[in-house]
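> Input file: upload_18.csv. Contents: CSV, C-alpha atoms.
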chain,number,residue,atom,x,y,z
A,1,MET,CA,116.8,75.8,60.0
A,2,ASN,CA,119.2,77.2,62.6
A,3,LEU,CA,122.4,75.2,62.1
A,4,PRO,CA,126.1,75.9,62.3
A,5,ALA,CA,127.5,76.7,58.8
A,6,GLU,CA,129.4,73.4,58.4
A,7,ILE,CA,126.4,71.3,59.3
A,8,ALA,CA,124.1,73.3,57.1
A,9,GLU,CA,126.5,72.8,54.2
A,10,ALA,CA,126.7,69.1,54.8
A,11,CYS,CA,122.9,68.8,54.8
A,12,ARG,CA,122.2,71.4,52.1
A,13,GLU,CA,121.4,69.0,49.2
A,14,LEU,CA,119.3,66.7,51.3
A,15,PHE,CA,117.2,69.6,52.7
A,16,GLU,CA,116.9,71.2,49.2
A,17,GLN,CA,115.6,67.9,47.7
A,18,LEU,CA,113.4,67.0,50.7
A,19,PRO,CA,112.4,70.2,52.5
A,20,ILE,CA,111.1,69.8,56.1
A,21,GLU,CA,107.6,70.8,54.8
A,22,SER,CA,107.7,67.5,52.8
A,23,ALA,CA,109.6,65.2,55.1
A,24,MET,CA,108.1,62.9,57.7
A,25,SER,CA,104.6,63.4,56.3
A,26,GLU,CA,103.2,60.3,58.1
A,27,LEU,CA,103.1,59.7,61.8
A,28,LEU,CA,103.7,56.0,61.6
A,29,GLU,CA,106.2,53.9,59.8
A,30,THR,CA,106.6,54.7,56.1
A,31,HIS,CA,109.0,53.6,53.4
A,32,PRO,CA,112.5,55.0,53.4
A,33,SER,CA,113.5,57.5,50.8
A,34,HIS,CA,116.5,59.6,49.8
A,35,SER,CA,118.9,57.1,51.4
A,36,GLU,CA,121.7,57.9,48.9
A,37,LEU,CA,121.5,61.6,49.9
A,38,VAL,CA,121.7,60.7,53.6
A,39,GLU,CA,124.8,58.6,52.9
A,40,LYS,CA,126.3,61.5,51.0
A,41,THR,CA,125.5,63.9,53.8
A,42,LEU,CA,127.0,61.6,56.4
A,43,SER,CA,130.2,61.4,54.3
A,44,HIS,CA,130.8,65.1,54.8
A,45,PRO,CA,133.7,65.8,57.2
A,46,ALA,CA,131.4,67.9,59.4
A,47,MET,CA,129.3,64.8,60.1
A,48,ALA,CA,132.2,62.6,61.2
A,49,ASN,CA,131.5,60.9,64.5
A,50,ARG,CA,128.1,62.6,64.7
A,51,ASP,CA,125.8,59.6,65.5
A,52,ASP,CA,123.3,62.0,67.1
A,53,LEU,CA,122.8,63.8,63.8
A,54,ALA,CA,122.9,60.5,61.8
A,55,ALA,CA,120.1,59.1,63.9
A,56,GLY,CA,118.0,62.2,63.2
A,57,LEU,CA,118.8,62.2,59.4
A,58,TRP,CA,117.7,58.6,59.1
A,59,LEU,CA,114.4,59.4,60.8
A,60,TYR,CA,114.0,62.4,58.5
A,61,VAL,CA,113.9,60.1,55.5
A,62,ASN,CA,111.8,57.5,57.3
A,63,ASP,CA,114.5,54.9,57.6
A,64,LEU,CA,113.6,53.7,61.1
A,65,TYR,CA,115.8,50.6,61.0
A,66,ARG,CA,119.0,52.7,60.4
A,67,SER,CA,118.0,55.3,62.9
A,68,HIS,CA,117.3,52.6,65.5
A,69,THR,CA,120.6,50.9,64.9
A,70,ILE,CA,122.4,54.2,65.6
A,71,SER,CA,120.3,55.6,68.4
A,72,GLN,CA,120.5,52.5,70.5
A,73,GLY,CA,124.2,52.9,70.5
A,74,ILE,CA,124.1,56.5,71.8
A,75,GLU,CA,124.1,56.0,75.6
A,76,ASP,CA,122.9,59.3,76.7
A,77,ARG,CA,119.7,61.3,76.9
A,78,THR,CA,120.0,62.5,73.3
A,79,GLY,CA,120.2,58.9,72.1
A,80,SER,CA,117.2,58.0,74.2
A,81,TYR,CA,115.3,60.9,72.7
A,82,TRP,CA,116.0,59.8,69.2
A,83,HIS,CA,115.2,56.2,70.2
A,84,GLY,CA,111.9,57.3,71.7
A,85,ILE,CA,110.9,59.1,68.5
A,86,MET,CA,111.8,56.1,66.4
A,87,HIS,CA,109.6,53.8,68.5
A,88,ARG,CA,106.7,56.2,68.3
A,89,ARG,CA,107.1,56.4,64.5
A,90,GLU,CA,107.0,52.6,64.3
A,91,GLY,CA,103.8,52.5,66.5
A,92,ASP,CA,105.5,50.9,69.5
A,93,PHE,CA,104.1,53.4,72.0
A,94,SER,CA,104.9,51.6,75.2
A,95,ASN,CA,108.6,51.3,74.1
A,96,SER,CA,108.6,54.9,73.1
A,97,HIS,CA,107.4,55.9,76.6
A,98,TYR,CA,110.2,53.8,78.0
A,99,TRP,CA,112.8,55.7,76.0
A,100,PHE,CA,111.3,59.0,76.8
A,101,ARG,CA,111.6,58.2,80.5
A,102,ARG,CA,115.3,57.5,79.9
A,103,ALA,CA,115.5,60.9,78.1
A,104,ALA,CA,114.0,62.7,81.2
A,105,GLY,CA,116.1,65.7,82.1
A,106,HIS,CA,117.2,66.3,78.5
A,107,PRO,CA,118.1,70.0,78.1
A,108,LEU,CA,115.8,70.3,75.1
A,109,ILE,CA,112.8,69.2,77.2
A,110,ALA,CA,113.7,71.8,79.8
A,111,GLN,CA,114.1,74.5,77.0
A,112,ARG,CA,110.9,73.4,75.1
A,113,PRO,CA,108.3,72.0,77.6
A,114,ASP,CA,105.8,72.5,74.8
A,115,LEU,CA,107.3,69.5,73.0
A,116,ASP,CA,106.3,67.1,75.9
A,117,PRO,CA,107.4,63.9,74.1
A,118,ASP,CA,105.3,61.6,76.4
A,119,ALA,CA,102.1,63.6,75.7
A,120,PHE,CA,102.9,63.5,72.0
A,121,VAL,CA,103.2,59.7,72.0
A,122,ASP,CA,99.7,59.6,73.5
A,123,GLN,CA,98.3,62.0,70.9
A,124,VAL,CA,99.8,59.9,68.1
A,125,ALA,CA,98.4,56.7,69.6
A,126,ARG,CA,94.9,58.3,69.9
A,127,ALA,CA,95.1,59.3,66.2
A,128,GLN,CA,95.1,55.6,65.3
A,129,GLY,CA,97.1,56.0,62.1
A,130,VAL,CA,95.4,59.2,60.9
A,131,ASN,CA,98.0,61.8,59.8
A,132,ALA,CA,96.3,64.8,61.3
A,133,PRO,CA,98.1,67.9,59.9
A,134,GLU,CA,98.6,69.4,63.4
A,135,LEU,CA,100.3,66.2,64.6
A,136,VAL,CA,102.5,66.0,61.5
A,137,ALA,CA,103.5,69.6,62.0
A,138,LYS,CA,104.4,68.8,65.6
A,139,GLN,CA,106.4,65.8,64.5
A,140,ARG,CA,108.4,68.0,62.2
A,141,GLU,CA,108.8,70.7,64.9
A,142,GLU,CA,110.1,68.1,67.4
A,143,TRP,CA,112.5,66.7,64.9
A,144,GLN,CA,113.8,70.1,64.0
A,145,ALA,CA,114.3,71.2,67.6
A,146,LEU,CA,116.3,68.0,68.5
A,147,PHE,CA,118.3,68.2,65.3
A,148,GLU,CA,119.2,71.8,65.9
A,149,TYR,CA,120.0,71.0,69.5
A,150,CYS,CA,122.4,68.2,68.4
A,151,ALA,CA,124.0,70.4,65.7
A,152,GLY,CA,124.7,73.1,68.2
A,153,LEU,CA,126.7,70.8,70.5
Just dump the structure as structure tokens.

Amino acid sequence: MNLPAEIAEACRELFEQLPIESAMSELLETHPSHSELVEKTLSHPAMANRDDLAAGLWLYVNDLYRSHTISQGIEDRTGSYWHGIMHRREGDFSNSHYWFRRAAGHPLIAQRPDLDPDAFVDQVARAQGVNAPELVAKQREEWQALFEYCAGL
């Protein structure tokens, strides 16, 4: 991952124990894991006051509840983006679309039109719970792009 050194160091143990190739392996809600590692990661000084990164890390370990609690308090397009991903992962596709409308104009969407979060919601909905490898890969790619964007701020 392309992260600033201090963020990479804060996340090192989590990403070593749960590499992105193993994380978020299901499109829809799953059971949280590695909570203690996320808590440890978030206690690192580089992660202080980084709700954007915290929302992403909780999604990374499938803790949709904690991610939701944080993302709904981030009142900008980035918070809406994380919020939209969280609702997609819980299978609430209409609510996910709502939050992606609120994220419209996010710089990442302009930089990476291939991500197209609204179209991805529709693809996941059509998959009807089947964890197609290409969709899981896209989910990881989207997460990584948004996490790297946030880390670079």
> Have a look at A:Asn131, A:Gln17, A:Gln139, A:Gln144 and name the one nearest to Pro117 (chain A); count only C-alpha atoms.
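Distance minimum relative to Pro117 (chain A) lands on A:Gln139.
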> Excluding Gly73 (chain A) and residues on its chain fewer than 6 positions from it, collect all residues at most 12 Å away from it, counting all atoms listed in the file, and give them as a ChimeraX atom specification.
/A:50-52,54-55,66-67,79-80,82-83
> Which is closest to Glu142 (chain A) among A:Tyr65, A:Tyr81, A:Phe15, A:Trp99, if we use all atoms listed in the file?
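Counting all atoms listed in the file, the residue closest to Glu142 (chain A) is A:Tyr81.
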> Give the answer as one residue: which of A:Ser25, A:Ala104, A:Ser33, A:Val38 has the shortest atom-to-atom distance to Glu13 (chain A), using all atoms listed in the file?
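When distances to Glu13 (chain A) are compared using all atoms listed in the file, the smallest one comes from A:Val38.
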> So, counting all atoms listed in the file, which residue among A:Leu53, A:Leu64, A:Leu146, A:Leu27 is closest to Phe120 (chain A)?
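Once distances to Phe120 (chain A) are computed over all atoms listed in the file, the minimum belongs to A:Leu27.
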> Show me, as a ChimeraX atom specification, the residues that have an atom within 12 Å of Ala8 (chain A) when counting all atoms listed in the file, minus same-chain residues fewer than 6 positions from it.
/A:1-2,14-16,41,44,46-47,53,147-148,151-152
> Could you jot down the CA of Lys40 (chain A) to CA of Ile74 (chain A) separation for me, Å, one decimal place?
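Between these atoms lies a distance of 21.5 Å.
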> Which residue, A:Ala145, A:Cys150, A:Leu59, A:Leu28, has the smallest gap to Pro113 (chain A) when you use all atoms listed in the file?
A:Ala145
